[in-house]
$ cat model_23.txt   # compact mmCIF, C-alpha atoms
# COMPACT_ATOMS: atom_id res chain seq x y z
CA MET A 1 -184.80 -72.40 -106.53
CA ARG A 2 -188.16 -73.73 -105.39
CA VAL A 3 -190.30 -76.09 -107.47
CA LEU A 4 -193.90 -77.29 -107.17
CA VAL A 5 -194.39 -80.77 -108.62
CA VAL A 6 -198.04 -81.66 -109.29
CA GLU A 7 -198.19 -85.37 -110.12
CA ASP A 8 -200.64 -87.99 -108.82
CA GLU A 9 -198.46 -90.97 -109.76
CA GLN A 10 -196.65 -91.29 -106.44
CA LYS A 11 -193.60 -93.20 -107.65
CA LEU A 12 -192.93 -90.71 -110.45
CA ALA A 13 -193.50 -87.74 -108.14
CA GLU A 14 -191.06 -89.13 -105.56
CA GLY A 15 -188.47 -89.81 -108.27
CA ILE A 16 -188.70 -86.26 -109.60
CA LYS A 17 -188.52 -84.83 -106.08
CA LYS A 18 -185.42 -86.84 -105.16
CA GLY A 19 -183.69 -85.99 -108.43
CA LEU A 20 -184.38 -82.27 -108.11
CA GLU A 21 -183.29 -82.16 -104.48
CA LYS A 22 -179.96 -83.71 -105.51
CA ASN A 23 -179.62 -80.82 -107.96
CA ALA A 24 -180.12 -78.16 -105.27
CA TYR A 25 -183.84 -77.47 -105.70
CA ALA A 26 -186.38 -77.18 -102.87
CA VAL A 27 -189.40 -79.26 -103.87
CA ASP A 28 -193.06 -79.45 -102.80
CA VAL A 29 -195.32 -82.20 -104.19
CA LEU A 30 -199.10 -82.27 -104.65
CA GLY A 31 -201.23 -84.92 -106.35
CA ASP A 32 -204.54 -83.09 -106.86
CA GLY A 33 -205.42 -80.45 -109.46
CA GLU A 34 -207.73 -78.37 -107.28
CA LYS A 35 -205.22 -78.25 -104.42
CA ALA A 36 -202.52 -77.33 -106.92
CA LEU A 37 -204.53 -74.40 -108.27
CA THR A 38 -205.10 -73.11 -104.74
CA ARG A 39 -201.41 -73.46 -103.86
CA ILE A 40 -200.26 -71.77 -107.08
CA SER A 41 -202.75 -68.93 -106.66
CA VAL A 42 -202.03 -68.21 -103.00
CA HIS A 43 -198.27 -68.78 -103.13
CA ARG A 44 -197.61 -67.54 -106.66
CA ASP A 45 -194.45 -65.67 -105.64
CA ASP A 46 -192.98 -68.59 -103.70
CA TYR A 47 -192.21 -70.85 -106.66
CA ASP A 48 -189.70 -70.43 -109.46
CA ILE A 49 -191.30 -73.09 -111.65
CA VAL A 50 -194.26 -75.52 -111.63
CA ILE A 51 -194.11 -79.04 -113.07
CA LEU A 52 -197.71 -79.97 -113.80
CA ASP A 53 -199.07 -83.36 -114.89
CA LEU A 54 -201.87 -83.23 -117.46
CA MET A 55 -204.06 -85.98 -115.98
CA LEU A 56 -204.95 -85.13 -112.37
CA PRO A 57 -207.84 -85.68 -109.94
CA SER A 58 -210.32 -82.77 -109.42
CA LEU A 59 -208.92 -80.54 -112.15
CA SER A 60 -206.80 -81.48 -115.15
CA GLY A 61 -203.42 -79.92 -115.70
CA LEU A 62 -204.91 -78.01 -118.64
CA GLU A 63 -207.63 -76.54 -116.40
CA VAL A 64 -205.12 -75.69 -113.66
CA CYS A 65 -202.88 -73.93 -116.16
CA THR A 66 -205.76 -72.03 -117.81
CA GLN A 67 -207.24 -70.84 -114.53
CA ALA A 68 -203.86 -69.92 -113.04
CA ARG A 69 -203.05 -67.73 -116.04
CA ALA A 70 -206.52 -66.13 -115.84
CA LEU A 71 -205.69 -65.21 -112.23
CA GLY A 72 -202.51 -63.48 -113.36
CA VAL A 73 -200.03 -66.15 -112.25
CA VAL A 74 -196.85 -65.79 -114.31
CA VAL A 75 -194.62 -68.53 -112.84
CA PRO A 76 -193.22 -70.81 -115.60
CA ILE A 77 -195.32 -73.98 -116.04
CA LEU A 78 -193.93 -77.18 -117.55
CA ILE A 79 -196.65 -79.73 -118.43
CA LEU A 80 -196.07 -83.50 -118.27
CA THR A 81 -198.29 -85.35 -120.74
CA ALA A 82 -198.65 -88.86 -122.11
CA ARG A 83 -200.27 -87.49 -125.27
CA ALA A 84 -197.95 -86.56 -128.12
CA GLU A 85 -200.57 -85.38 -130.63
CA THR A 86 -199.89 -81.99 -132.20
CA ASP A 87 -203.34 -80.59 -131.41
CA ASN A 88 -202.89 -81.50 -127.76
CA LYS A 89 -199.54 -79.69 -127.63
CA VAL A 90 -201.11 -76.62 -129.24
CA LYS A 91 -203.88 -76.59 -126.62
CA LEU A 92 -201.33 -76.69 -123.81
CA LEU A 93 -199.33 -73.79 -125.20
CA LEU A 94 -202.45 -71.72 -125.87
CA ALA A 95 -203.58 -72.40 -122.29
CA GLY A 96 -200.43 -70.70 -121.03
CA ALA A 97 -197.98 -73.56 -120.58
CA ASP A 98 -194.38 -72.51 -121.19
CA ASP A 99 -193.28 -75.97 -122.30
CA TYR A 100 -194.36 -79.61 -122.24
CA LEU A 101 -192.65 -82.96 -121.91
CA VAL A 102 -194.09 -86.21 -123.26
CA LYS A 103 -193.99 -89.29 -121.03
CA PRO A 104 -191.92 -91.36 -120.69
CA PHE A 105 -188.98 -88.97 -120.40
CA SER A 106 -185.49 -89.01 -118.93
CA PHE A 107 -184.76 -86.98 -115.82
CA GLU A 108 -181.89 -85.31 -117.68
CA GLU A 109 -184.33 -83.97 -120.28
CA LEU A 110 -186.69 -82.71 -117.57
CA LEU A 111 -183.81 -80.92 -115.88
CA ALA A 112 -182.67 -79.38 -119.18
CA ARG A 113 -186.20 -78.14 -119.97
CA MET A 114 -186.47 -76.61 -116.49
CA GLN A 115 -183.12 -74.88 -116.78
CA ALA A 116 -184.12 -73.47 -120.17
CA LEU A 117 -187.30 -72.00 -118.67
CA LEU A 118 -185.45 -70.60 -115.69
CA ARG A 119 -183.12 -68.78 -118.07
CA ARG A 120 -186.09 -66.72 -119.26
CA PRO A 121 -186.53 -64.19 -116.45
CA LYS A 122 -188.24 -60.84 -116.95
CA GLU A 123 -184.79 -59.28 -117.00
CA LYS A 124 -181.95 -61.23 -118.57
CA VAL A 125 -179.68 -62.78 -115.96
CA PRO A 126 -176.29 -64.09 -117.11
CA ASP A 127 -175.82 -67.86 -117.03
CA VAL A 128 -172.73 -67.44 -114.83
CA LEU A 129 -173.24 -65.11 -111.87
CA LYS A 130 -170.37 -62.87 -110.73
CA VAL A 131 -170.12 -60.64 -107.66
CA HIS A 132 -166.71 -59.28 -106.65
CA ASP A 133 -164.37 -62.30 -106.63
CA LEU A 134 -167.24 -64.79 -106.40
CA GLU A 135 -168.41 -66.72 -109.46
CA LEU A 136 -171.28 -69.21 -109.58
CA ASP A 137 -172.51 -71.41 -112.41
CA PRO A 138 -176.05 -72.71 -111.73
CA THR A 139 -175.83 -75.23 -114.57
CA THR A 140 -172.70 -77.04 -113.39
CA HIS A 141 -173.32 -76.29 -109.69
CA ILE A 142 -169.81 -74.95 -109.29
CA ALA A 143 -168.97 -71.87 -107.23
CA ARG A 144 -165.55 -70.23 -107.14
CA LYS A 145 -163.76 -67.54 -105.16
CA ASP A 146 -160.68 -66.04 -106.77
CA GLY A 147 -160.86 -68.91 -109.26
CA GLU A 148 -160.72 -71.59 -106.56
CA ILE A 149 -163.65 -74.02 -106.30
CA LEU A 150 -165.68 -73.67 -103.10
CA GLU A 151 -166.73 -76.87 -101.33
CA LEU A 152 -170.35 -75.98 -100.57
CA THR A 153 -173.26 -78.11 -99.42
CA LEU A 154 -176.41 -78.01 -101.57
CA LYS A 155 -178.13 -75.54 -99.24
CA GLU A 156 -175.04 -73.32 -99.05
CA PHE A 157 -174.89 -73.30 -102.86
CA MET A 158 -178.60 -72.44 -103.03
CA LEU A 159 -178.16 -69.61 -100.54
CA LEU A 160 -175.21 -68.16 -102.40
CA GLU A 161 -177.06 -68.38 -105.72
CA TYR A 162 -180.10 -66.62 -104.25
CA PHE A 163 -177.96 -63.82 -102.82
CA MET A 164 -176.07 -63.43 -106.11
CA ARG A 165 -179.34 -63.22 -108.05
CA HIS A 166 -180.50 -60.43 -105.72
CA PRO A 167 -177.41 -58.26 -105.17
CA ASN A 168 -177.77 -55.22 -102.89
CA GLU A 169 -181.28 -56.34 -101.87
CA VAL A 170 -182.13 -56.78 -98.21
CA ILE A 171 -183.51 -60.33 -97.98
CA ASN A 172 -185.35 -61.39 -94.85
CA ARG A 173 -185.12 -64.85 -93.36
CA GLU A 174 -188.71 -65.70 -94.24
CA ASP A 175 -188.02 -65.08 -97.94
CA LEU A 176 -185.01 -67.40 -97.79
CA LEU A 177 -187.06 -70.13 -96.10
CA THR A 178 -189.84 -69.66 -98.65
CA HIS A 179 -187.59 -70.06 -101.69
CA LEU A 180 -185.04 -72.58 -100.46
CA TRP A 181 -186.94 -74.93 -98.13
CA ASP A 182 -190.17 -76.87 -98.67
CA PHE A 183 -193.51 -76.36 -96.93
CA ASN A 184 -192.74 -78.91 -94.23
CA TYR A 185 -189.90 -76.89 -92.73
CA GLU A 186 -190.35 -75.14 -89.38
CA SER A 187 -190.01 -71.41 -90.06
CA PHE A 188 -189.01 -70.60 -86.46
CA SER A 189 -185.78 -72.58 -86.80
CA ASN A 190 -182.42 -70.79 -86.82
CA VAL A 191 -181.37 -72.88 -89.83
CA ILE A 192 -180.84 -69.76 -91.99
CA ASP A 193 -178.40 -68.19 -89.52
CA VAL A 194 -176.44 -71.44 -89.25
CA HIS A 195 -176.14 -71.85 -93.03
CA VAL A 196 -175.19 -68.20 -93.55
CA LYS A 197 -172.49 -68.52 -90.87
CA ASN A 198 -171.07 -71.59 -92.63
CA LEU A 199 -171.29 -69.89 -96.02
CA ARG A 200 -169.42 -66.84 -94.70
CA ARG A 201 -166.66 -69.07 -93.38
CA LYS A 202 -166.28 -70.85 -96.71
CA ILE A 203 -166.07 -67.62 -98.73
CA GLY A 204 -163.45 -66.31 -96.33
CA GLU A 205 -165.46 -63.86 -94.21
CA THR A 206 -165.27 -63.89 -90.43
CA GLY A 207 -167.68 -61.10 -89.46
CA SER A 208 -171.18 -59.91 -90.29
CA ASP A 209 -170.10 -56.70 -92.00
CA GLY A 210 -168.35 -58.15 -95.08
CA ILE A 211 -169.94 -58.34 -98.54
CA LEU A 212 -172.52 -60.74 -97.05
CA GLU A 213 -173.72 -58.44 -94.32
CA THR A 214 -176.32 -58.85 -91.61
CA VAL A 215 -179.12 -56.28 -91.63
CA ARG A 216 -180.14 -56.35 -88.00
CA GLY A 217 -183.73 -57.25 -87.32
CA ILE A 218 -184.40 -58.06 -90.98
CA GLY A 219 -182.03 -60.48 -92.68
CA TYR A 220 -179.05 -60.27 -95.03
CA ARG A 221 -177.68 -58.38 -98.01
CA LEU A 222 -174.94 -59.23 -100.52
CA ARG A 223 -173.24 -55.91 -101.18
CA VAL A 224 -171.73 -55.17 -104.59

$ encode --input "model_23.txt" --output "structure tokens"
Amino acid sequence: MRVLVVEDEQKLAEGIKKGLEKNAYAVDVLGDGEKALTRISVHRDDYDIVILDLMLPSLSGLEVCTQARALGVVVPILILTARAETDNKVKLLLAGADDYLVKPFSFEELLARMQALLRRPKEKVPDVLKVHDLELDPTTHIARKDGEILELTLKEFMLLEYFMRHPNEVINREDLLTHLWDFNYESFSNVIDVHVKNLRRKIGETGSDGILETVRGIGYRLRV
């Protein structure tokens, strides 16, 4: 899962980024409202959720949210606000925010709010993903094969989750980089191939024609 954090308070932004990365999210951070609106508009399909501070330079979080929705952006938006007044909350929701969180807040609550929003896809996706003998729980970050827990790195877990959320779809390497790595990553790297190779080994596959197959010249597909 890929997250855009828009927060101009550097210490808070860095804390959120570090916490989310420990929970297997790829995170980009911006501190300016106008830049955030441009990023959200141009890369609307790259992010699974946006965490948006209300008070920002250039454009407020309310303006960013309103304009993004007017442009047809549908990615879930969670607003961070220091204002707890009811009328302010109503304005945020009417502007298109999916949820809000009043500062100060605990990271655990932020994570829970995010997970709740991510459980609201256009088509209902079960909380626990199952493909063949593989089972993955995004909430507990536990993956199993034949009931046995798999010892996966964060990126391997993220890859497996992405494949299991898109069964039978041919997924190219660029899509995987877009959703699982941040903007600073070099797209020409063979990092995807290396992680897929390691993931195959850990789920007990030795070749490229198992359930996690290589589609030559394109990418990969998890067959069901």

$ axis_aligned_box --input "model_23.txt" --around "region 38-41 of chain A" --padding-each-side "8 Å" --output "AutoDock Vina command-line options"
--center_x -202.7 --center_y -71.2 --center_z -105.5 --size_x 20.8 --size_y 20.5 --size_z 19.2

$ closest_residue --input "model_23.txt" --among "A:Val42, A:Ile171, A:Val90, A:Ala95" --to "Cys65 (chain A)" --atoms "all atoms listed in the file"
A:Ala95

$ closest_residue --input "model_23.txt" --among "A:Lys17, A:His195, A:Arg223, A:Arg200" --to "His166 (chain A)" --atoms "all atoms listed in the file"
A:Arg223

$ residues_around --input "model_23.txt" --residues "Asp45 (chain A)" --least-positions-apart "5" --cutoff "10 Å" --atoms "only C-alpha atoms" --output "PyMOL selection string"
chain A and resi 40+73-75+178-179

$ closest_residue --input "model_23.txt" --among "A:Met158, A:Ile51, A:Glu135, A:Gly61" --to "Lys91 (chain A)" --atoms "all atoms listed in the file"
A:Gly61

$ atom_distance --input "model_23.txt" --atom1 "CA of Gly217 (chain A)" --atom2 "CA of Ile192 (chain A)"
13.7 Å

$ residues_around --input "model_23.txt" --residues "region 66-72 of chain A" --least-positions-apart "3" --cutoff "8 Å" --atoms "only C-alpha atoms" --output "NGL selection string"
:A and (37 or 40-41 or 62-63 or 95-96)

$ residues_around --input "model_23.txt" --residues "Val191 (chain A)" --least-positions-apart "5" --cutoff "12 Å" --atoms "all atoms listed in the file" --output "NGL selection string"
:A and (155-156 or 159 or 173-174 or 176-177 or 180-181 or 185-186 or 196-198)

$ atom_distance --input "model_23.txt" --atom1 "CA of Arg119 (chain A)" --atom2 "CA of Ile142 (chain A)"
17.1 Å

$ residues_around --input "model_23.txt" --residues "Gly33 (chain A)" --least-positions-apart "6" --cutoff "9 Å" --atoms "only C-alpha atoms" --output "PyMOL selection string"
chain A and resi 6-8+52-53+55-61+63-64

$ residues_near_point --input "model_23.txt" --point "(-178.5, -57.1, -92.3)" --cutoff "12 Å" --atoms "only C-alpha atoms" --output "PyMOL selection string"
chain A and resi 168-173+193+196+207-223

$ write_last_selection --input "model_23.txt" --atoms "C-alpha atoms" --output "CSV table (one decimal), keeping the file's coordinate frame"
chain,number,residue,atom,x,y,z
A,168,ASN,CA,-177.8,-55.2,-102.9
A,169,GLU,CA,-181.3,-56.3,-101.9
A,170,VAL,CA,-182.1,-56.8,-98.2
A,171,ILE,CA,-183.5,-60.3,-98.0
A,172,ASN,CA,-185.4,-61.4,-94.8
A,173,ARG,CA,-185.1,-64.8,-93.4
A,193,ASP,CA,-178.4,-68.2,-89.5
A,196,VAL,CA,-175.2,-68.2,-93.6
A,207,GLY,CA,-167.7,-61.1,-89.5
A,208,SER,CA,-171.2,-59.9,-90.3
A,209,ASP,CA,-170.1,-56.7,-92.0
A,210,GLY,CA,-168.4,-58.2,-95.1
A,211,ILE,CA,-169.9,-58.3,-98.5
A,212,LEU,CA,-172.5,-60.7,-97.0
A,213,GLU,CA,-173.7,-58.4,-94.3
A,214,THR,CA,-176.3,-58.8,-91.6
A,215,VAL,CA,-179.1,-56.3,-91.6
A,216,ARG,CA,-180.1,-56.4,-88.0
A,217,GLY,CA,-183.7,-57.2,-87.3
A,218,ILE,CA,-184.4,-58.1,-91.0
A,219,GLY,CA,-182.0,-60.5,-92.7
A,220,TYR,CA,-179.0,-60.3,-95.0
A,221,ARG,CA,-177.7,-58.4,-98.0
A,222,LEU,CA,-174.9,-59.2,-100.5
A,223,ARG,CA,-173.2,-55.9,-101.2

$ residues_around --input "model_23.txt" --residues "Val128 (chain A)" --least-positions-apart "6" --cutoff "9 Å" --atoms "all atoms listed in the file" --output "number ranges by chain"
A: 135-139
